[in-house]
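Chemist: Mind looking over this structure? Questions follow.
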Amino acid sequence: MADITNQSLNEIIENVKTKKVSSTELIKAYVKNIESAKKLNAFVTTTFDQALDKAKQFDNKPNFDQLLPGIPLAVKDLFCTENTKTTAGSNILNNFIPSYESTVTKNLWNHGSFLLGKLNCDEFAMGSSNETSHYGNVINPVGDQLVPGGSSGGSSSALAADLTPATIGTDTGGSIRQPASFTGTVGLKPTYGLCSRWGIVAFASSLDQAGPMTKTIKDCAIMLEAMSGFDEKDSTSINKKKEQYSKNLKDNIKGLKIGIPKEYRVDNMPKEVDELWEKGKKILKDLGAQLIDISLPHTKYALPTYYIVAPAEASSNLARYDGVRYGYRSKQGKDLIEMYEKTRSEGFGDEVKRRILIGTYVLSSGYYDAYYLKAQKVRQLIKKDFDDSFKKIDAILTPSTPSSAFKIGEKTNDPVSMYLNDIFTVPVNLAGLPALSMPAGVDKQGHPLGLQLIGKALDEQKILNIGYAFEKNCGFKNKIKKWWS
Amino acid sequence: MSKEKFDYFIKGEKEKYEVVIGLEVHAQVLSKSKLFSGSSTKFGADPNNQVSLIDSAFPGMLPVINEECVKQAVRTGLGLNAKINNYSVFDRKNYFYADLPQGYQISQYKNPIVGEGKVLLDMPYGSKEIGIERLHLEQDAGKSIHDMDPSNTYVDLNRSGIALMEIVSKPDLRSPDEVNAYIKKLRSIMRYLGTCDGNMQEGSLRADVNVSVRKEGDKNFGTRCEIKNVNSIKFMQMAIEYEAARQVELIENGKEIDQETRLFDIKKNETRSMRSKEDAHDYRYFPDPDLLPLKLEQKLIDDLKKSLPELPDKKKERFIKEYGLNAYEANVLVSEKEISDYYEEVAKLSDKKLAATWMMGDLFAMLNDKGLDISKSPVSAKHFAELVQAIKSGEISGRIAKEVFEIMLETGDNPKKIIESKGLKQQSDPKELEKMINEILAKNKDKVDQYKSGKEKLFGFFVGQVMKSSGGKANPQLTNEILKKLLKG
């Protein structure tokens with residue numbers, strides 16, 4: 001049969017179910033792709049032998065009633081995987097092999113899939129270009145000079161390059177949606193609390209959320225259904241009935257009210273992004289949706305608020321990496337304090353250090369009220385903006401990012417311009433809402449651009465439906481030439 | 001109860017100083033598992049055998065609140081007559097140490113689970129109310145062991161994550177005696193409630209002691225020093241005495257007291273500076289984003305309140321009213337729940353007042369001697385009640401009772417059996433006694449004459465003769481009566 005790896009997850013599942021392809025054949029096809037795509041540097045660890053065993057087991061005793069029957073999946077290296085090294089893109093965890101499996105990955109395996117490998121990411125998910133990883137930067141399959149976005153850059157790259165049929169990432173400020181936008185793929189950040197955080201290396205606990213990254217909306221619905229669910233081991237997990245997102249996927253969006261926030265038209269935004277937004281509006285309007293101008297007045301404070309809250313939490317979350325119980329420990333250091341200092345100096349990269357410093361600063365006595373406390377107040381206002389708007393609309397349409405994928409090295413010396421790339425994605429994390437980035441077109445260089453759909457809390461089904469209808473009518477096709485093989 | 005006057009002051013060369021003390025008591029919550037993990041809290045396990053991935057802060061691990069610990073804190077708050085807060089928040093207290101795996105301790109900072117309350121102390125100079133500022137829940141740290149190896153420090157994380165209640169008093173204490181009474185009262189209340197075993201040897205109860213001094217009559221507080229982590233009442237008292245004297249000396253020499261954290265050195269009996277205010281940690285408290293604010297429904301609080309056992313203050317009132325005890329007796333008998341239970345069992349079966357006297361006398365002396373808790377008493381409440389009843393009914397005298405009690409201890413027999421088998425029953429038949437006394441008087445005619453001519457001191461001699469002749473079994477009261485009657489005639 002033709003190359004199965006360029007099919008969607010849903011198509012592959014159908015082919016497995018109808019026995020057109022076995023799980024073992026699937027594995028072999030992906031292994032071949034991965035081995036020829038080392039230039040992309042998308043993988044930190046591969047688990048081929050283990051995957052092949054699982055595939056054989058599946059083929060011997062297949063269960064086709066599962067959501068992900070015999071499907072190999074590579075996942076971001078932020079998810080702890082039992083007996084498989086988990087680095088979080090950091091030197092400080094370069095030898096860390098968890099004895100436990102994160103709830104989200106366990107959910108995926110329980111639906112019939114298994115691990116293909118661990119995907120590169122920005123160190124501790126701090127970055128927007130996958131250039132902060134200790135394991136080297138990842139390259140965007142779209143072009144050999146381009147970043148794949150971040151922090152789930154290994155995930156977006158592997159997905160777009162057909163190295164995994166679908167994948168999962170984590171999104172603290174845009175780390176799923178921005179890389180999806182940069183690679184012409186679909187990425188969903190679910191409502192905060194929909195997917196368990198248990199077993200995911202923490203960056204900023206009140207913002208972190210795992211989500212699917214896929215080629216199509218349907219795939220996204222399948223993955224979300226498999227990975228989400230209440231977990232009593234996570235106190236912030238939402239206790240609600242599981243939904244059947246893929247079964248309930250509908251493309252009729254007639255009468256839905258789509259909010260268009262005026263604050264998302266920023267200065268110096270490339271014309272193409274604006275044009276793409278217009279195109280998106282038109283498609284939705286033609287499908288019978290009603291466009292409504294809305295205002296989210298506190299949007300401009302979202303980025304500074306995010307860059308206080310996230311580093312504050314990170315500075316505390318990363319305190320456990322001290323070289324005492326696991327992970328990297330410096331061989332130097334004459335006493336406890338010196339051992340800490342050397343371990344953390346050698347173990348963490350610059351961006352992580354920068355954020356630990358910022359976080360420590362904003363929580364310090366004398367600065368706490370002016371920074372952290374104020375940021376928490378602004379966060380409430382940002383959330384209220386959304387709450388107020390959602391009284392009269394069903395979803396919000398915005399661009400996913402202010403530009404397409406930028407060049408490797410272009411922003412590494414200018415953290416602020418790097419941070420600005422998250423301008424459309426961070427408000428959603430601060431408000432805990434679900435948001436989808438879907439491919440919508442290309443800029444004049446032919447680089448993909450995405451549009452973002454933001455929903456009410458727990459309204460994943462609705463934004464998936466809108467995305468599904470949009471996808472059918474947008475006509476976007478990812479044209480990636482396999483230049484690396 | 002003697003009405004003494006409070007007079008604990010430190011006398012300097014020039015002035016008299018009052019000592020002001022506030023305590024932060026750390027009480028280990030009695031619970032099967034830790035505050036945020038399922039690990040066991042049992043004391044004495046091998047090092048690092050009760051440590052979960054959460055307690056050792058592995059990547060991606062998340063805390064989940066143990067509801068039983070929350071209930072225990074609420075019970076304790078209710079026992080301290082305190083306000084229970086329906087809304088409280090867990091915060092992270094950030095600092096680095098080898099026995100603190102997370103790099104932060106989960107504690108409660110601005111919004112504790114329990115607010116202001118009070119504790120009543122019975123002091124020789126009357127009852128005194130000590131204010132409670134707050135009670136909050138927090139995690140214990142692990143233990144660093146520095147003396148197992150000359151060059152390495154070992155860490156035991158068994159304690160890491162165990163729930164503690166930090167109970168902060170107002171600066172209302174004024175002497176080591178009051179501190180003693182306060183700790184004992186707290187301990188008693190928590191043991192009644194079953195919320196803390198109060199075992200100071202195992203570290204279940206320890207305190208940070210804040211001490212300042214001021215000239216007698218001054219309204220303003222002096223600068224305080226905090227003495228960290230003292231684990232016995234005796235050491236607290238010693239530390240306070242040393243620290244107060246040190247501060248007075250500084251003041252009298254015209255020096256300033258630095259607000260600082262100090263350590264109490266048991267061997268040298270002195271406090272030493274640990275870190276000054278300038279070196280104080282910046283703990284960077286902020287709400288723990290892994291945990292939602294703790295919201296308690298009023299119904300839960302009300303239900304817990306209804307299910308509280310009778311506490312020492314209430315029980316003391318009842319003992320006074322119901323059993324006719326005086327305040328001192330009631331106080332002693334309610335100090336421990338087990339003692340009060342024992343007393344009530346004895347009192348049910350015997351004379352209530354006499355039971356109190358004998359328990360506080362011979363029984364306590366014996367337990368003290370043997371170093372036993374009342375729950376381990378070799379004499380059961382039932383047997384003890386029989387003994388008290390035998391005294392009350394006149395079957396045996398107090399003196400014989402002591403003898404019987406000794407035999408009870410040795411043999412475990414019931415008093416009735418001992419009295420009968422040893423023939424210790426008191427002679428209370430007036431006719432027989434009169435006969436015996438007449439014989440004695442007849443033998444001592446000369447003494448009788450002397451008595452009658454005014455040498456009344458000889459009465460004791462006659463009593464002695466009666467006791468001697470009866471082998472101590474003559475009913476003393478009856479003996480007196482009969483003797484008086486016959487000597488008159």
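Lettering and numbering for the structure tokens are positional, with chains as A, B, ... in the shown order, residues counted from 1 in each chain, and ligands counted from 1 in the shown order.
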Once you count only C-alpha atoms, which residues of chain A turn out to be within 6 Å of chain B? Could you give them as a list in words?
Modeler: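 Here they are: Trp198, Gly199, Ile200, Val201, Ala202, Ser205, Ser206, Ser235, Ala319, Arg320, Leu363 and Ser364 of chain A.
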Chemist: Hey, what's within 9 Å of segment 319-329 of chain B if we count only C-alpha atoms and toss same-chain stuff fewer than 6 positions away? As a PyMOL selection string, please?
Modeler: chain B and resi 1+122+347+352-353+356-357+360
Chemist: Could you dump the residues just selected with all heavy atoms as a PDB file, in the first residue's frame?
Modeler:
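Output below, filename out-v3.pdb:
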```
ATOM      1  N   MET B   1      -7.291  25.220  97.415  1.00  0.00           N
ATOM      2  CA  MET B   1      -6.286  25.885  96.580  1.00  0.00           C
ATOM      3  C   MET B   1      -5.796  27.152  97.291  1.00  0.00           C
ATOM      4  O   MET B   1      -6.592  27.996  97.665  1.00  0.00           O
ATOM      5  CB  MET B   1      -6.912  26.246  95.232  1.00  0.00           C
ATOM      6  CG  MET B   1      -5.885  26.355  94.149  1.00  0.00           C
ATOM      7  SD  MET B   1      -6.482  27.360  92.814  1.00  0.00           S
ATOM      8  CE  MET B   1      -7.787  26.368  92.141  1.00  0.00           C
ATOM      9  N   ASP B 122      -5.218  26.644  85.027  1.00  0.00           N
ATOM     10  CA  ASP B 122      -5.443  26.759  86.465  1.00  0.00           C
ATOM     11  C   ASP B 122      -4.114  26.974  87.135  1.00  0.00           C
ATOM     12  O   ASP B 122      -3.297  26.069  87.210  1.00  0.00           O
ATOM     13  CB  ASP B 122      -6.099  25.482  86.999  1.00  0.00           C
ATOM     14  CG  ASP B 122      -7.575  25.500  86.728  1.00  0.00           C
ATOM     15  OD1 ASP B 122      -8.262  26.318  87.361  1.00  0.00           O
ATOM     16  OD2 ASP B 122      -8.024  24.725  85.868  1.00  0.00           O
ATOM     17  N   ALA B 347     -15.700   5.891  90.981  1.00  0.00           N
ATOM     18  CA  ALA B 347     -16.715   6.688  91.673  1.00  0.00           C
ATOM     19  C   ALA B 347     -18.105   6.076  91.523  1.00  0.00           C
ATOM     20  O   ALA B 347     -18.959   6.223  92.396  1.00  0.00           O
ATOM     21  CB  ALA B 347     -16.697   8.121  91.143  1.00  0.00           C
ATOM     22  N   LYS B 352     -17.632   8.785  96.213  1.00  0.00           N
ATOM     23  CA  LYS B 352     -16.997   9.628  95.201  1.00  0.00           C
ATOM     24  C   LYS B 352     -15.849  10.459  95.761  1.00  0.00           C
ATOM     25  O   LYS B 352     -14.790  10.587  95.157  1.00  0.00           O
ATOM     26  CB  LYS B 352     -18.058  10.531  94.580  1.00  0.00           C
ATOM     27  CG  LYS B 352     -19.103   9.715  93.837  1.00  0.00           C
ATOM     28  CD  LYS B 352     -20.412  10.450  93.692  1.00  0.00           C
ATOM     29  CE  LYS B 352     -21.410   9.610  92.910  1.00  0.00           C
ATOM     30  NZ  LYS B 352     -21.677   8.295  93.534  1.00  0.00           N
ATOM     31  N   LYS B 353     -16.104  11.029  96.909  1.00  0.00           N
ATOM     32  CA  LYS B 353     -15.094  11.908  97.508  1.00  0.00           C
ATOM     33  C   LYS B 353     -13.892  11.093  97.990  1.00  0.00           C
ATOM     34  O   LYS B 353     -12.742  11.438  97.739  1.00  0.00           O
ATOM     35  CB  LYS B 353     -15.779  12.649  98.657  1.00  0.00           C
ATOM     36  CG  LYS B 353     -14.966  13.739  99.277  1.00  0.00           C
ATOM     37  CD  LYS B 353     -15.015  15.033  98.477  1.00  0.00           C
ATOM     38  CE  LYS B 353     -14.132  16.063  99.172  1.00  0.00           C
ATOM     39  NZ  LYS B 353     -13.909  17.239  98.335  1.00  0.00           N
ATOM     40  N   ALA B 356     -11.677   9.910  95.251  1.00  0.00           N
ATOM     41  CA  ALA B 356     -10.753  10.936  94.759  1.00  0.00           C
ATOM     42  C   ALA B 356      -9.533  11.016  95.657  1.00  0.00           C
ATOM     43  O   ALA B 356      -8.385  11.013  95.199  1.00  0.00           O
ATOM     44  CB  ALA B 356     -11.467  12.281  94.684  1.00  0.00           C
ATOM     45  N   THR B 357      -9.777  11.069  96.989  1.00  0.00           N
ATOM     46  CA  THR B 357      -8.670  11.196  97.943  1.00  0.00           C
ATOM     47  C   THR B 357      -7.705  10.024  97.806  1.00  0.00           C
ATOM     48  O   THR B 357      -6.495  10.203  97.756  1.00  0.00           O
ATOM     49  CB  THR B 357      -9.228  11.202  99.388  1.00  0.00           C
ATOM     50  OG1 THR B 357     -10.342  12.094  99.420  1.00  0.00           O
ATOM     51  CG2 THR B 357      -8.181  11.625 100.387  1.00  0.00           C
ATOM     52  N   MET B 360      -5.761  10.020  94.373  1.00  0.00           N
ATOM     53  CA  MET B 360      -4.709  11.035  94.292  1.00  0.00           C
ATOM     54  C   MET B 360      -3.595  10.767  95.285  1.00  0.00           C
ATOM     55  O   MET B 360      -2.491  11.270  95.149  1.00  0.00           O
ATOM     56  CB  MET B 360      -5.314  12.421  94.521  1.00  0.00           C
ATOM     57  CG  MET B 360      -6.201  12.832  93.362  1.00  0.00           C
ATOM     58  SD  MET B 360      -7.220  14.273  93.721  1.00  0.00           S
ATOM     59  CE  MET B 360      -5.977  15.500  93.969  1.00  0.00           C
TER      60      MET B 360
END
```
Chemist: Within 6 Å of segment 251-253 of chain A, counting only C-alpha atoms, which residues show up once you throw out same-chain ones fewer than 2 positions away? Write them as a list in words, please.
Modeler: Leu256, Asn465, Tyr468 and Ala469 of chain A
Chemist: Export N, CA, C and O atoms of the chosen residues as a PDB file, in the first residue's frame?
Modeler:
```
ATOM      1  N   LEU A 256     -24.265  29.758  15.096  1.00  0.00           N
ATOM      2  CA  LEU A 256     -23.325  29.989  16.200  1.00  0.00           C
ATOM      3  C   LEU A 256     -22.790  31.412  16.129  1.00  0.00           C
ATOM      4  O   LEU A 256     -22.583  31.973  15.051  1.00  0.00           O
ATOM      5  N   ASN A 465     -16.163  21.292  16.754  1.00  0.00           N
ATOM      6  CA  ASN A 465     -17.159  21.297  15.681  1.00  0.00           C
ATOM      7  C   ASN A 465     -16.917  22.454  14.704  1.00  0.00           C
ATOM      8  O   ASN A 465     -16.979  22.277  13.481  1.00  0.00           O
ATOM      9  N   TYR A 468     -13.965  21.676  12.709  1.00  0.00           N
ATOM     10  CA  TYR A 468     -14.283  20.605  11.758  1.00  0.00           C
ATOM     11  C   TYR A 468     -14.937  21.198  10.509  1.00  0.00           C
ATOM     12  O   TYR A 468     -14.550  20.887   9.367  1.00  0.00           O
ATOM     13  N   ALA A 469     -15.892  22.075  10.732  1.00  0.00           N
ATOM     14  CA  ALA A 469     -16.578  22.734   9.611  1.00  0.00           C
ATOM     15  C   ALA A 469     -15.595  23.617   8.837  1.00  0.00           C
ATOM     16  O   ALA A 469     -15.574  23.632   7.597  1.00  0.00           O
TER      17      ALA A 469
END
```
Chemist: So that I can see what lies close to Met213 of chain A, please list as a VMD selection string the residues with an atom at most 6 Å from it, counting only C-alpha atoms and leaving out residues fewer than 3 positions away in the same chain.
Modeler: chain A and resid 167 to 168 186 to 187
Chemist: I need the residues of segment 97-346 of chain A that end up classed as strand (DSSP E) by DSSP on the backbone, written out as a PyMOL selection string.
Modeler: chain A and resi 114-119+167-170+186-189+210-214+257-261+290-294
Chemist: Which residues, written as a PyMOL selection string, have at least one atom at most 12 Å from Gly150 of chain A, with only C-alpha atoms counted and residues fewer than 5 positions away on the same chain left out?
Modeler: chain A and resi 42+76+89+119-133+137-140+155-157+169-183+401+405-406+408+418-419+421-422
Chemist: Segment 120-309 of chain A: which residues are helix (DSSP H, G or I) by DSSP, as a ChimeraX atom specification?
Modeler: /A:123-125,153-160,177-183,217-227,262-264,271-286,297-309
Chemist: Please provide as JSON, numbers by chain all residues within 12 Å of Asp341 of chain B, with the sequence filter that same-chain residues fewer than 4 positions apart are discarded (counting only C-alpha atoms).
Modeler: {"B": [192, 310, 312, 315, 319, 333, 334, 335, 336, 337, 345, 346, 347, 348, 374, 375, 380, 381]}
Chemist: As a compact mmCIF listing (two decimals) with N, CA, C and O atoms, in the first residue's frame, please: the residues near segment 409-426 of chain B (cut-off 12 Å, only C-alpha atoms, same-chain neighbours under 4 positions excluded).
Modeler:
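The resulting file, part30.txt, is reproduced below:
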```txt
# COMPACT_ATOMS: atom_id res chain seq x y z
N ASP B 362 -2.67 7.24 97.40
CA ASP B 362 -1.92 5.98 97.27
C ASP B 362 -1.78 5.48 95.84
O ASP B 362 -0.73 4.99 95.45
N LEU B 363 -2.87 5.59 95.06
CA LEU B 363 -2.79 5.06 93.70
C LEU B 363 -1.75 5.82 92.88
O LEU B 363 -0.88 5.23 92.23
N MET B 366 1.79 5.15 93.93
CA MET B 366 2.26 3.85 93.46
C MET B 366 2.63 3.92 91.96
O MET B 366 3.69 3.46 91.54
N LEU B 367 1.73 4.54 91.14
CA LEU B 367 1.98 4.62 89.70
C LEU B 367 3.25 5.41 89.42
O LEU B 367 4.07 5.05 88.58
N LYS B 370 6.28 3.37 90.20
CA LYS B 370 6.56 2.34 89.21
C LYS B 370 6.73 2.92 87.80
O LYS B 370 7.02 2.19 86.86
N SER B 377 -2.25 0.45 85.07
CA SER B 377 -2.31 0.23 86.52
C SER B 377 -2.53 -1.24 86.85
O SER B 377 -3.41 -1.89 86.30
N PRO B 378 -1.70 -1.80 87.78
CA PRO B 378 -1.89 -3.21 88.17
C PRO B 378 -3.18 -3.41 88.97
O PRO B 378 -3.61 -4.55 89.15
N VAL B 379 -3.74 -2.31 89.48
CA VAL B 379 -4.99 -2.43 90.24
C VAL B 379 -6.12 -1.90 89.37
O VAL B 379 -6.09 -0.76 88.91
N SER B 380 -7.10 -2.76 89.13
CA SER B 380 -8.19 -2.34 88.26
C SER B 380 -9.10 -1.36 89.00
O SER B 380 -9.11 -1.30 90.24
N ALA B 381 -9.86 -0.60 88.22
CA ALA B 381 -10.76 0.38 88.82
C ALA B 381 -11.78 -0.34 89.72
O ALA B 381 -12.16 0.17 90.77
N LYS B 382 -12.19 -1.51 89.29
CA LYS B 382 -13.21 -2.25 90.06
C LYS B 382 -12.66 -2.63 91.44
O LYS B 382 -13.30 -2.40 92.47
N HIS B 383 -11.46 -3.19 91.46
CA HIS B 383 -10.84 -3.57 92.73
C HIS B 383 -10.58 -2.36 93.60
O HIS B 383 -10.77 -2.39 94.81
N PHE B 384 -10.15 -1.28 92.94
CA PHE B 384 -9.85 -0.07 93.70
C PHE B 384 -11.13 0.45 94.35
O PHE B 384 -11.14 0.88 95.50
N ALA B 385 -12.24 0.36 93.62
CA ALA B 385 -13.52 0.81 94.15
C ALA B 385 -13.93 -0.05 95.35
O ALA B 385 -14.43 0.47 96.35
N GLU B 386 -13.67 -1.32 95.27
CA GLU B 386 -13.99 -2.21 96.40
C GLU B 386 -13.20 -1.82 97.63
O GLU B 386 -13.73 -1.81 98.75
N LEU B 387 -11.95 -1.45 97.39
CA LEU B 387 -11.09 -1.03 98.51
C LEU B 387 -11.67 0.23 99.16
O LEU B 387 -11.79 0.33 100.38
N VAL B 388 -12.03 1.20 98.29
CA VAL B 388 -12.58 2.46 98.80
C VAL B 388 -13.87 2.18 99.58
O VAL B 388 -14.09 2.73 100.66
N GLN B 389 -14.67 1.29 99.05
CA GLN B 389 -15.94 0.98 99.69
C GLN B 389 -15.70 0.31 101.05
O GLN B 389 -16.42 0.56 102.01
N ALA B 390 -14.68 -0.52 101.13
CA ALA B 390 -14.37 -1.20 102.40
C ALA B 390 -13.96 -0.18 103.46
O ALA B 390 -14.29 -0.33 104.65
N ILE B 391 -13.28 0.87 103.00
CA ILE B 391 -12.90 1.93 103.96
C ILE B 391 -14.15 2.68 104.40
O ILE B 391 -14.40 2.91 105.57
N LYS B 392 -14.96 3.02 103.39
CA LYS B 392 -16.14 3.85 103.66
C LYS B 392 -17.09 3.13 104.62
O LYS B 392 -17.63 3.73 105.55
N SER B 393 -17.29 1.84 104.43
CA SER B 393 -18.26 1.10 105.23
C SER B 393 -17.73 0.80 106.62
O SER B 393 -18.45 0.29 107.47
N GLY B 394 -16.46 1.09 106.83
CA GLY B 394 -15.90 0.83 108.15
C GLY B 394 -15.37 -0.59 108.27
O GLY B 394 -14.93 -1.03 109.33
N GLU B 395 -15.41 -1.32 107.18
CA GLU B 395 -14.93 -2.68 107.21
C GLU B 395 -13.44 -2.73 107.56
O GLU B 395 -12.99 -3.59 108.28
N ILE B 396 -12.68 -1.81 107.00
CA ILE B 396 -11.26 -1.69 107.35
C ILE B 396 -10.93 -0.23 107.62
O ILE B 396 -11.62 0.68 107.12
N SER B 397 -9.88 -0.03 108.36
CA SER B 397 -9.44 1.34 108.63
C SER B 397 -8.51 1.79 107.51
O SER B 397 -8.06 0.98 106.71
N GLY B 398 -8.22 3.06 107.49
CA GLY B 398 -7.33 3.61 106.49
C GLY B 398 -5.96 2.95 106.57
O GLY B 398 -5.33 2.69 105.54
N ARG B 399 -5.53 2.72 107.75
CA ARG B 399 -4.20 2.14 107.93
C ARG B 399 -4.16 0.73 107.36
O ARG B 399 -3.24 0.35 106.65
N ILE B 400 -5.21 -0.03 107.68
CA ILE B 400 -5.29 -1.40 107.15
C ILE B 400 -5.43 -1.35 105.63
O ILE B 400 -4.86 -2.18 104.91
N ALA B 401 -6.15 -0.33 105.15
CA ALA B 401 -6.37 -0.21 103.70
C ALA B 401 -5.05 -0.13 102.95
O ALA B 401 -4.87 -0.71 101.88
N LYS B 402 -4.11 0.60 103.55
CA LYS B 402 -2.79 0.72 102.90
C LYS B 402 -2.14 -0.66 102.79
O LYS B 402 -1.51 -0.99 101.79
N GLU B 403 -2.33 -1.43 103.85
CA GLU B 403 -1.77 -2.78 103.87
C GLU B 403 -2.43 -3.65 102.78
O GLU B 403 -1.77 -4.35 102.04
N VAL B 404 -3.75 -3.52 102.71
CA VAL B 404 -4.51 -4.30 101.72
C VAL B 404 -4.06 -3.91 100.31
O VAL B 404 -3.86 -4.76 99.44
N PHE B 405 -3.89 -2.61 100.09
CA PHE B 405 -3.49 -2.10 98.78
C PHE B 405 -2.15 -2.72 98.35
O PHE B 405 -1.98 -3.14 97.20
N PRO B 430 -19.71 -2.87 118.74
CA PRO B 430 -19.52 -2.04 119.94
C PRO B 430 -19.44 -2.90 121.23
O PRO B 430 -18.64 -2.60 122.12
N GLU B 432 -18.33 -6.02 121.65
CA GLU B 432 -17.01 -6.67 121.75
C GLU B 432 -15.93 -5.67 122.06
O GLU B 432 -15.05 -5.93 122.88
N LEU B 433 -16.03 -4.52 121.38
CA LEU B 433 -15.02 -3.49 121.61
C LEU B 433 -15.07 -3.02 123.07
O LEU B 433 -14.03 -2.85 123.73
N MET B 467 -5.51 -0.56 120.00
CA MET B 467 -5.03 -0.96 118.66
C MET B 467 -4.07 -2.14 118.78
O MET B 467 -4.13 -3.08 117.99
N SER B 470 -5.96 -5.22 119.49
CA SER B 470 -6.82 -5.69 118.39
C SER B 470 -6.03 -5.98 117.12
O SER B 470 -6.60 -6.33 116.10
N GLY B 471 -4.74 -5.80 117.22
CA GLY B 471 -3.93 -5.99 116.01
C GLY B 471 -4.26 -4.95 114.96
O GLY B 471 -4.19 -5.22 113.75
N GLY B 472 -4.63 -3.76 115.43
CA GLY B 472 -4.88 -2.64 114.50
C GLY B 472 -6.25 -2.66 113.88
O GLY B 472 -6.56 -1.82 113.04
N LYS B 473 -7.04 -3.63 114.23
CA LYS B 473 -8.31 -3.78 113.54
C LYS B 473 -9.49 -3.06 114.20
O LYS B 473 -10.58 -3.01 113.66
N ALA B 474 -9.28 -2.55 115.39
CA ALA B 474 -10.37 -1.85 116.08
C ALA B 474 -10.78 -0.64 115.29
O ALA B 474 -9.94 0.12 114.82
N ASN B 475 -12.08 -0.49 115.15
CA ASN B 475 -12.59 0.68 114.46
C ASN B 475 -12.21 1.94 115.24
O ASN B 475 -12.63 2.12 116.37
N PRO B 476 -11.38 2.80 114.67
CA PRO B 476 -10.84 3.92 115.45
C PRO B 476 -11.92 4.86 115.98
O PRO B 476 -11.86 5.31 117.12
N GLN B 477 -12.92 5.12 115.16
CA GLN B 477 -13.95 6.06 115.56
C GLN B 477 -14.72 5.52 116.76
O GLN B 477 -14.94 6.21 117.75
N LEU B 478 -15.09 4.25 116.62
CA LEU B 478 -15.85 3.59 117.67
C LEU B 478 -15.00 3.50 118.94
O LEU B 478 -15.48 3.74 120.05
N THR B 479 -13.74 3.20 118.75
CA THR B 479 -12.82 3.11 119.89
C THR B 479 -12.82 4.42 120.66
O THR B 479 -12.93 4.44 121.90
```
Chemist: Enter the distance from atom CA of Val75 of chain A to atom CA of Ala166 of chain A, in Å, rounded to one decimal.
Modeler: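 Separation of atom CA of Val75 of chain A and atom CA of Ala166 of chain A: 8.8 Å.
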Chemist: Of the residues B:Cys196, B:Ala245, B:Ile227, B:Ala181, which is the one nearest to Pro124 of chain B, using only C-alpha atoms?
Modeler: B:Ala181
